[in-house]
Structures are given as structure tokens and as C-alpha cells.
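Q: One structure follows; several queries about it will come next.
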Amino acid sequence: MIDIVGDEHDTGPPGRRNPASTLLKNLRHDLPASVVVFLVAVPLSLGVAHAAGAPLLAGLISAVVGGIVASLFGASVLQVSGPSAALTIVIAETIATFGWAATCAITAAAGVVQILFGVCRVARASLVISPAIVHGLLAGIGLILVLGQLHVVLGGTPRSSAIENVLALPGRIVGHHDQAALIGVVTVGVLLAWTRMPRSVRRVPGPLAAVALATGLSVAAGMDLPRVDLPNGLPGLGFVPEAPSGSWAAIIAAVLSIALIASLESLLSAVAIDKLRDGRRTDLDRELIGQGLANAASGSLGGFPVTGVVVRTMTNFEAGARTRMSAILHSVWILGCCLFLAGALRLIPLAALAGLLVYVGAKLVNLTNLREVRRHGDVPVYLATLLGAVAVNLLTGVAAGIVVALALMLRRMLFSGIHVERDGPRSRVVIEGALTFLSVPRLTTVLTQVPEGSEVTLELCVDYLDHAAFDCLRGWQRAYERAGGTVIVDEIGHPWFGRGKAGVPTVRRGVASRVVPRWLAPWSQWQAEHLELPSQRGGSVPLCRGASEFQRRTAPLLRSTWDGLANGQRPHTLFVTCGDARIVPNLITTSGPGDLFTVRNIGNLVPHASAEADFSVGAAIEYAVGLLRVREVVVCGHSGCGAMKALLGDAPTGLVHLGGWLRHGEATLRRRGSEGPLLLDGARPRHEADLLALHNVVQQLENLRSYPVVEAALARGELRLTGMYFDVGKANVYLLDEALRSFTSAAAPVKS
């Protein structure tokens, strides 16, 4: 399996692990994918550089360097790196403050910081940042980008801040629009319409189609517009970044801003592609080192900062790329374009690039991500990050998001749900969550609402109970009972208040015995624990109390499941087992309502189809297999079975019906005498009754085949028969392997 994954998805630099034959095999996938990514990358690289006010060639340089260096030294197999719209705002501010040559030095320094991040192995730690902050930051960047580039699309120039862009936008919309506005609107319109085109048309990337059509229109109409300004050939290697001058605090802030945003987007992109592809997960620390090396190289050569770009990475994956060779080849095509097709690039109007950036910025405000954030209740974090980024700057937005996220976390952890439920003369005080000193005012207010002199159930389902809350509950309970009332403590989970009357808290979970969740444990177990401290708790009739527990705790969780079953059942398995009270079919098979059609009888016997003494089991088989079309029939025996002991001669006397029923087990006795012993995980069971129980499972499977409805379903390949055995004392489930004449542990890998 590892070799297959290795063939399909490289996990090391090209040529280091894969043989030449594998490289050539993958190249037929990587080559066309690289062309698709190249066609997407060229207009985006130019547009990002234009939006930031950087030399347009800088965008292409970073695309070349990012695709080669980050792919060679990074860890993500399919990630494509290059200039990203997420950095345009930071770079625009940096260029305005320090100039372009100094910005290149800052970019190289940011790359060194990223390398240090990777060496110090902090990449995983960076993932603790809430996704709401990341999505809010990207949305803020997208909104700033849209507000600025809309002015360019409409024939004007962007203002110095997002707020000024918003205030000036209405006047720009109603003002005079020139040829540049037409080209910008055409570009945005083509991009919006491209997603609705037929699949055959959409083989051409949308950004390429939009820019090409807008460029063709401008050339055909003879429009005199500002266009892409590229030098003749690539700049000489003598370019040297200049050391920035000015406030050290401003320089450090710029370096950290570029390093942090580039790292976050690269890690986000790497994690996103890992969720889609097979193979080994990305070493995020190594990926940061690769991204840092790419930024150091890009800044040194006069390029834009490099990040792993989600759009290009997803395009690479969807185009069928297999290895990192696709990203490297896409850089080769961009380099060739700069050397041999610079004349064609110079025809592109800047307004078309602005329109492309408006579309890209709008895509950063991802509504799918916003819905996901809303489902998790993190909209305040998202909005705080977005508004901070738009109104002030990106780092302020991140800081605001972190503060709001911490505040929400504290609220969720430290504040509990407290309310009173009335049931006639009785009351129930329900407390859920963490009960701390912050909740004491609310707790005392609710407790005063309880009528005096009545019976009160104090239902505690708390994750933590601190000293102040413990004293509050203890004092209220003692005062309430002195006034003639009765307090029944019903504590679910860890018994924080179990010895409340005695004033002894159970602070550490290790001090208390492990408690099986009440919805899972047998009634006898948790009811015994419920009655463990008579002075603190009250009892009730077990079955009624169990029904009440179901109605309060379990029913709300499964109501939607039962609602879907209200109009009929569609079980997947007929489960034949013993009536022994220790066997709980749904528990030992991890199944629920609607899964099992269960038949229980003494000894899990299936009478032969020719037997006329009993029709109950036969009717159940015909109904389950013939009408419900179950896909599997399971016969489950168990250890310590009283029916097997009775067949061996230890039958109780005077039970006429039991003796008549056990005659259906005589075939099991004959099988035991004529065949060798069956094994349980390779060993013979110690007790003869348990050995007979194994033979009994095999015999009942044979009896099942005597029913015509079962035989027909088996012949059609629509049914499977399974033998199962449950060791009660060890809580182990075993499955029959007929080929080995043995029952093997269900923990072993399941064979289809």
C-alpha cells in the first residue's frame, strides 16, 4: 500500500525517491496540469503585482521562484506557490513606506523568519489559530482589494485606505466612465459568466479567458489604455535589494506581517490539499522552510513575496497533477513566457488586471467559509477580524480576532446553563457546563425561584465545579432541607458534588471511580451508583426511572432518527440470539434503531424448515429475508449459555415447554459428536458448554439454509450468513471463519 501511494503522490524532491520510470509515468499527468496552472498563474501574478504597486515583472519573478524553490525544498506534494492576493495590502503599505528595493530586502528577511519558524517546529502550533480568524483575515483582504480595485475598474485611482475607498465609491459609480471602465467591466462579466459555460468551454481557465477577451477587445477597438509595462528581457542578476531605512519598529512589523500572513496562507493551502489527496500528510515545518527559502530567493531577485496559493493549488489538483513536477514545470512555462512572449503580455490593459483582482478579492469573501463559521458559533470572531483588518490594518484584525476568540472561549468554558423545570409540586434545577464563581450570581438567583418545602432534584451535568460554586450549592442544600424541603442530587458524569453534604469535594477525576455513561451502562450499574450515598440521593422504581432517563437524556438525541423510521423499517441485518439478559445486541454491534431485526429465544436456535412444532422463528426469517430484504443474517451464541448446559444434561426438571423447545438443539449435539472441536482464537474453550455453543452457531447457520427464502437470496448473492460468539466475562466478540473452523476476534481486520 505504501508503494502505491508513493507512486501516485511523491513525498520527496524529484529524483530522490522515485525511479526514472515512475517519473515518466507521472509526467503524463503532471505536464498537462502544469500548462493549466501556468495559464491561471500568469494573469494572476501580473494582477497581484499591479494591485500592490510593485513592478509587474516582480509578480512573474515570484511565480517562477516560488514554483521552483518552494516545490524543491517544501513538503507539500501538490502545492503551487507564487504571489498571492492576500499579501497585496501589506506590500502596498510597505512599498509606500520604504520603496520597492527596500521592500525586496524586507521580503528576503521575512523568508529568513519563515525558515526559523520551520527550524523551531512551530508550524503545528500556528494551527491553533481559529479558522474563523483565518477566514476573517482573508475576507478582510478581499474586501480591501475589491474596494481599491473597483476605483481602477471604474476609471479612477484607489484612495489610501479602505474607509476612504468606501466613501468615494458612490461618486465614482455615478461619475464619468471611460474606456478603461468598459474593459474592467467586461473582464468581471466574463469571469462571472465563465462558471456557467459548458464543461468543454471551461477547459480554458476563466482568468485567462477574461483577460484574453478584454485584451482582444481593447486591441481591436484601438483603445488607448495603460497597459502592462515589462522590460525587454529579464533584469540582470546584479539587482541588489536595499536595506530599509526608518523606524526599526516599522521594519520589524513589516517583516513579521509578511512572514506571518505568508506562513498562514501556505499552511492553510497545504492542509486543504491534504484533505483531498491520498498519501502521507505534509510536514508543515518543512513546508515553512521551503516557503522561507523561496521568499529569500524572490526578494533577492527583485520578486514579490511568495506563498502557497489556494487557487493555484486546487487548480493543480483538479487538473490531475501527481507530483511536485507540475509546479516546477509551470514555472518553466512562465519563464519562457517572459523571455519569448513579453510582447503579447505588453498588450494586456491594466484595467483588465484590475477587473481580475476585483473578482479574486470577492472570492476571498467566501460565503461557504462564512456558513461554516456560523455553524460553529464563531461569527463574532470572523467579524472582529474582518472589521479590524479593513478599518485599521491586518495585524490589528488578527489581534482583534484572537481577543474575541479568547473571550468566547472563556464564556463557553466558565458560564453554565442553569434553569428550573417544574413538574407539579416537584422542581428540577438543571445545571450544565462549567460551574464557577462567575456563575454564582446567576445560580443564587435561580435557586431562589425554587418553592420552599417541596421536593427538588438538583441535576448536575457539569465539567467543572469550583470552590465558590460548591459552597453555594452546599449552603443552599443545607438551608433548604432545614426548612423542610427535600433535595435529591442527580449527578451525571464525574461526581463533583457527590459528598456535598459532608463538605468534601471530589476535585480530581482520578479520585472518583470511573463511571460508565448512563446511556450506555446497564440500569443496575448506574442505579446502584445513584443510590451509593443514601444521605445525598433519593431512589425510585428502576424501570420507571429508566424510562424517565431515556425521555430526558436519550430521546432528544435520537428523535430525528426515530422520525425517519416512523413510516417503516429497513433493517440491514436479521440478528438471531439467545434470550439471555446479558446479551444486548445493539450494544455489542454498535447499532441503533432501525438497524437490527432481532429474534431472541432460548439457545439462539433456528428450527429446521421441515420442523412443524414452531412457526415463530420461520415466520421471522421469511419476513426479514423475503420482505424486508435484509443483507445479512447473524446467529450469535454466547458463553455460559444455560440452554447449552441443559443440552449436556444439566436441564432443570418440570419445565415441559423448555424440554420441548430444546429438542431443536439435538442436531447440535450430533454435530459435536461427529466433528472435531471448534477453536476460539486458536484455542479450545475450557468449558464443554462453551464448546457446544460454538457448534450450535454453526448448526443454526446450516439450518438457516434449509429455508427456501434464504437459499434463494444466497443464490442471488443478496445475503450473507455470519456466525458470532460473545464471551460474556471478557466482553469479547468473535466471528466465525469457516475456512479455519475457528472463531476469531472481531478486533482483527474485517474481511469483505
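FYI, nothing fancy with the C-alpha cells labels: chains A, B, ... in order, residues from 1 per chain, ligands from 1 as they appear.
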Can you list every residue in segment 261-495 of chain A that DSSP puts in strand (DSSP E or B), as a PyMOL selection string?
A: chain A and resi 307-308+349+417-423+426-435+455-465+486-491
Q: Name the residues in contact with Gly676 of chain A at a cut-off of 12 Å, using only C-alpha atoms, excluding same-chain residues fewer than 3 positions from it; report them as number ranges by chain.
A: A: 670-673, 679, 684, 691-692, 694-695, 741-742
Q: Those selected residues, please, written with C-alpha atoms and delivered as a PDB file, in the first residue's frame.
A:
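Now in again_35.pdb:
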```pdb
ATOM      1  CA  ARG A 670     -24.857 -34.772  16.943  1.00  0.00           C
ATOM      2  CA  ARG A 671     -22.528 -32.269  15.248  1.00  0.00           C
ATOM      3  CA  ARG A 672     -20.401 -32.090  18.393  1.00  0.00           C
ATOM      4  CA  GLY A 673     -20.021 -35.848  18.429  1.00  0.00           C
ATOM      5  CA  LEU A 679     -11.466 -23.145  18.268  1.00  0.00           C
ATOM      6  CA  ARG A 684     -10.230 -24.830  22.685  1.00  0.00           C
ATOM      7  CA  LEU A 691     -17.589 -25.564  23.030  1.00  0.00           C
ATOM      8  CA  LEU A 692     -21.130 -26.741  22.358  1.00  0.00           C
ATOM      9  CA  LEU A 694     -19.686 -22.727  19.095  1.00  0.00           C
ATOM     10  CA  HIS A 695     -21.004 -25.873  17.373  1.00  0.00           C
ATOM     11  CA  ARG A 741     -13.003 -23.791  11.598  1.00  0.00           C
ATOM     12  CA  SER A 742     -12.378 -21.140  14.224  1.00  0.00           C
TER      13      SER A 742
END
```
Q: Which residues come within 8 Å of segment 103-113 of chain A, counting only C-alpha atoms, excluding same-chain residues fewer than 4 positions away, as a PyMOL selection string?
A: chain A and resi 91+94-95+98-99+117+241-244+251+254-256+258-259+291-300+302-305
Q: Hey, can you spit out that residue selection with N, CA, C and O atoms as a tab-separated table (two decimals), in the first residue's frame?
A:
```tsv
chain	number	residue	atom	x	y	z
A	91	ILE	N	2.05	44.61	1.20
A	91	ILE	CA	3.13	45.03	0.30
A	91	ILE	C	2.90	46.45	-0.19
A	91	ILE	O	3.85	47.24	-0.31
A	94	THR	N	4.02	48.63	2.52
A	94	THR	CA	5.48	48.56	2.66
A	94	THR	C	6.18	49.35	1.56
A	94	THR	O	7.16	50.07	1.81
A	95	ILE	N	5.68	49.22	0.33
A	95	ILE	CA	6.28	49.97	-0.78
A	95	ILE	C	6.11	51.47	-0.55
A	95	ILE	O	7.04	52.26	-0.77
A	98	PHE	N	8.69	52.32	2.41
A	98	PHE	CA	10.13	52.10	2.29
A	98	PHE	C	10.64	52.13	0.84
A	98	PHE	O	11.85	52.20	0.63
A	99	GLY	N	9.78	52.03	-0.14
A	99	GLY	CA	10.22	51.92	-1.53
A	99	GLY	C	10.36	50.46	-1.95
A	99	GLY	O	10.42	49.55	-1.12
A	117	PHE	N	10.97	29.78	11.73
A	117	PHE	CA	9.72	29.15	12.17
A	117	PHE	C	9.77	27.64	11.94
A	117	PHE	O	9.41	26.84	12.81
A	241	PRO	N	18.80	44.17	-3.35
A	241	PRO	CA	17.83	44.88	-2.50
A	241	PRO	C	18.55	45.89	-1.61
A	241	PRO	O	19.69	45.69	-1.20
A	242	GLU	N	17.84	46.97	-1.29
A	242	GLU	CA	18.40	47.99	-0.42
A	242	GLU	C	17.91	47.79	1.01
A	242	GLU	O	16.75	47.47	1.24
A	243	ALA	N	18.82	48.02	1.95
A	243	ALA	CA	18.43	47.92	3.36
A	243	ALA	C	17.44	49.04	3.67
A	243	ALA	O	17.67	50.20	3.31
A	244	PRO	N	16.30	48.72	4.30
A	244	PRO	CA	15.31	49.76	4.59
A	244	PRO	C	15.83	50.73	5.64
A	244	PRO	O	16.59	50.36	6.53
A	251	ILE	N	9.97	48.53	10.51
A	251	ILE	CA	10.63	47.50	9.69
A	251	ILE	C	10.31	46.11	10.22
A	251	ILE	O	9.95	45.20	9.46
A	254	ALA	N	6.76	45.12	9.48
A	254	ALA	CA	6.58	44.73	8.07
A	254	ALA	C	7.10	43.32	7.83
A	254	ALA	O	6.45	42.50	7.16
A	255	VAL	N	8.29	43.02	8.39
A	255	VAL	CA	8.86	41.68	8.21
A	255	VAL	C	7.95	40.62	8.81
A	255	VAL	O	7.64	39.59	8.19
A	256	LEU	N	7.49	40.87	10.05
A	256	LEU	CA	6.63	39.89	10.72
A	256	LEU	C	5.28	39.75	10.02
A	256	LEU	O	4.72	38.66	9.92
A	258	ILE	N	4.59	40.14	6.79
A	258	ILE	CA	4.75	39.32	5.58
A	258	ILE	C	4.99	37.86	5.95
A	258	ILE	O	4.38	36.95	5.37
A	259	ALA	N	5.86	37.63	6.94
A	259	ALA	CA	6.17	36.25	7.33
A	259	ALA	C	4.95	35.53	7.87
A	259	ALA	O	4.68	34.37	7.51
A	291	GLN	N	9.02	27.47	1.94
A	291	GLN	CA	8.44	28.78	1.64
A	291	GLN	C	9.41	29.90	2.00
A	291	GLN	O	9.51	30.91	1.30
A	292	GLY	N	10.13	29.73	3.13
A	292	GLY	CA	11.11	30.74	3.53
A	292	GLY	C	12.25	30.86	2.54
A	292	GLY	O	12.68	31.97	2.19
A	293	LEU	N	12.75	29.74	2.07
A	293	LEU	CA	13.81	29.78	1.06
A	293	LEU	C	13.33	30.45	-0.22
A	293	LEU	O	14.06	31.22	-0.86
A	294	ALA	N	12.07	30.19	-0.60
A	294	ALA	CA	11.52	30.81	-1.80
A	294	ALA	C	11.41	32.32	-1.63
A	294	ALA	O	11.72	33.10	-2.55
A	295	ASN	N	11.00	32.79	-0.45
A	295	ASN	CA	10.88	34.23	-0.22
A	295	ASN	C	12.24	34.90	-0.15
A	295	ASN	O	12.42	36.03	-0.63
A	296	ALA	N	13.21	34.21	0.45
A	296	ALA	CA	14.56	34.77	0.48
A	296	ALA	C	15.11	34.92	-0.94
A	296	ALA	O	15.72	35.95	-1.28
A	297	ALA	N	14.87	33.93	-1.78
A	297	ALA	CA	15.34	33.99	-3.16
A	297	ALA	C	14.57	35.02	-3.97
A	297	ALA	O	15.14	35.80	-4.74
A	298	SER	N	13.24	35.07	-3.79
A	298	SER	CA	12.42	36.01	-4.54
A	298	SER	C	12.78	37.45	-4.20
A	298	SER	O	12.93	38.30	-5.08
A	299	GLY	N	12.92	37.74	-2.89
A	299	GLY	CA	13.30	39.10	-2.50
A	299	GLY	C	14.67	39.49	-3.02
A	299	GLY	O	14.89	40.63	-3.44
A	300	SER	N	15.58	38.55	-3.03
A	300	SER	CA	16.94	38.84	-3.51
A	300	SER	C	16.96	39.12	-5.00
A	300	SER	O	17.83	39.86	-5.49
A	302	GLY	N	14.44	40.53	-6.70
A	302	GLY	CA	13.50	41.60	-7.05
A	302	GLY	C	12.10	41.11	-7.29
A	302	GLY	O	11.35	41.72	-8.07
A	303	GLY	N	11.70	40.04	-6.60
A	303	GLY	CA	10.37	39.48	-6.79
A	303	GLY	C	9.41	39.82	-5.65
A	303	GLY	O	9.81	40.31	-4.60
A	304	PHE	N	8.14	39.54	-5.88
A	304	PHE	CA	7.06	39.71	-4.92
A	304	PHE	C	7.14	38.60	-3.87
A	304	PHE	O	7.69	37.53	-4.15
A	305	PRO	N	6.63	38.80	-2.66
A	305	PRO	CA	6.62	37.70	-1.68
A	305	PRO	C	5.86	36.48	-2.20
A	305	PRO	O	4.89	36.59	-2.96
```
Q: Smallest atom-to-atom distance to Ala434 of chain A: which of A:Arg199, A:His638, A:Arg411, A:Arg124, using only C-alpha atoms?
A: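 Among the listed residues, the smallest separation from Ala434 of chain A belongs to A:Arg411.
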Q: For Arg280 of chain A, which residue out of A:Val440, A:Ile402, A:Ala75, A:Leu719 is the nearest one, using only C-alpha atoms?
A: A:Ala75
Q: Fewer than 2 positions away in the same chain doesn't count, so skip those; otherwise give me all residues within 12 Å of Leu438 of chain A, counting only C-alpha atoms, as a list in words.
A: Leu410, Arg411, Arg412, Met413, Leu414, Phe415, Ser416, Ala434, Leu435, Thr436, Val440, Pro441, Arg442, Leu443, Thr444, Leu465, Asp466, His467, Ala468, Ala469 and Cys472 of chain A
Q: Mind giving me the straight-line distance from atom CA of Val80 of chain A to atom CA of Gly308 of chain A in Å, one decimal?
A: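 Atom CA of Val80 of chain A sits 5.8 Å away from atom CA of Gly308 of chain A.
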Q: Just the number, please: distance in Å from atom CA of Gly594 of chain A to atom CA of Pro571 of chain A, one decimal.
A: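 Taking atom CA of Gly594 of chain A as the start and atom CA of Pro571 of chain A as the end point, the length is 5.3 Å.
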Q: If we count only C-alpha atoms, what is near segment 649-665 of chain A at a cut-off of 10 Å, once residues fewer than 4 positions away on the same chain are taken out, given as a ChimeraX atom specification?
A: /A:601-608,611,613-614,642-645,669-670,696,699-700
Q: How would the residues just chosen look if you wrote them out with C-alpha atoms as a PDB file, in the first residue's frame?
A:
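Okay, this is what ended up in selection_28.pdb:
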```pdb
ATOM      1  CA  ASN A 601     -35.134 -17.392  22.028  1.00  0.00           C
ATOM      2  CA  ILE A 602     -33.640 -19.904  24.420  1.00  0.00           C
ATOM      3  CA  GLY A 603     -30.320 -21.051  22.943  1.00  0.00           C
ATOM      4  CA  ASN A 604     -30.486 -18.922  19.741  1.00  0.00           C
ATOM      5  CA  LEU A 605     -31.972 -21.930  17.934  1.00  0.00           C
ATOM      6  CA  VAL A 606     -33.231 -21.929  14.344  1.00  0.00           C
ATOM      7  CA  PRO A 607     -35.544 -24.928  13.833  1.00  0.00           C
ATOM      8  CA  HIS A 608     -35.072 -26.752  10.552  1.00  0.00           C
ATOM      9  CA  ALA A 611     -39.980 -28.807  11.652  1.00  0.00           C
ATOM     10  CA  ALA A 613     -43.554 -27.653  16.055  1.00  0.00           C
ATOM     11  CA  ASP A 614     -42.764 -23.931  15.907  1.00  0.00           C
ATOM     12  CA  GLY A 642     -27.978 -22.177  30.110  1.00  0.00           C
ATOM     13  CA  ALA A 643     -29.537 -23.847  27.062  1.00  0.00           C
ATOM     14  CA  MET A 644     -26.200 -25.473  26.130  1.00  0.00           C
ATOM     15  CA  LYS A 645     -25.796 -26.713  29.700  1.00  0.00           C
ATOM     16  CA  LEU A 669     -25.273 -32.465  19.935  1.00  0.00           C
ATOM     17  CA  ARG A 670     -24.857 -34.772  16.943  1.00  0.00           C
ATOM     18  CA  ASN A 696     -24.512 -24.562  17.935  1.00  0.00           C
ATOM     19  CA  GLN A 699     -25.501 -25.756  13.156  1.00  0.00           C
ATOM     20  CA  GLN A 700     -28.033 -22.922  13.201  1.00  0.00           C
TER      21      GLN A 700
END
```
Q: Between atom CA of Val69 of chain A and atom CA of Gly336 of chain A, what is the spacing in Å?
A: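 Taking atom CA of Gly336 of chain A as the start and atom CA of Val69 of chain A as the end point, the length is 17.1 Å.
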Q: Run DSSP on the backbone and give me the residues of segment 94-155 of chain A it puts in helix (DSSP H, G or I), as a VMD selection string.
A: chain A and resid 94 to 98 100 to 119 123 to 126 131 to 153
Q: Would you list the contacts of Gly142 of chain A as a list in words, taking every protein, DNA or RNA residue within 9 Å and counting only C-alpha atoms, but skipping same-chain residues closer than 5 positions in sequence?
A: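 That gives Ala85, Ala86, Leu137, Leu147, Val358, Val360, Gly361, Ala362, Lys363, Leu364 and Val365 of chain A.
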Q: Quick one: everything within 10 Å of Ile144 of chain A, counting only C-alpha atoms, minus sequence neighbours fewer than 6 positions away in the same chain. Send it as a ChimeraX atom specification.
A: /A:88-89,138,161-163,165-166,358,361-362,386,389-391
Q: Which of these residues is nearest to Ser45 of chain A, using only C-alpha atoms: A:His376, A:Arg312, A:His419, A:Arg559?
A: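 Ranked by minimum distance to Ser45 of chain A, first place goes to A:Arg312.
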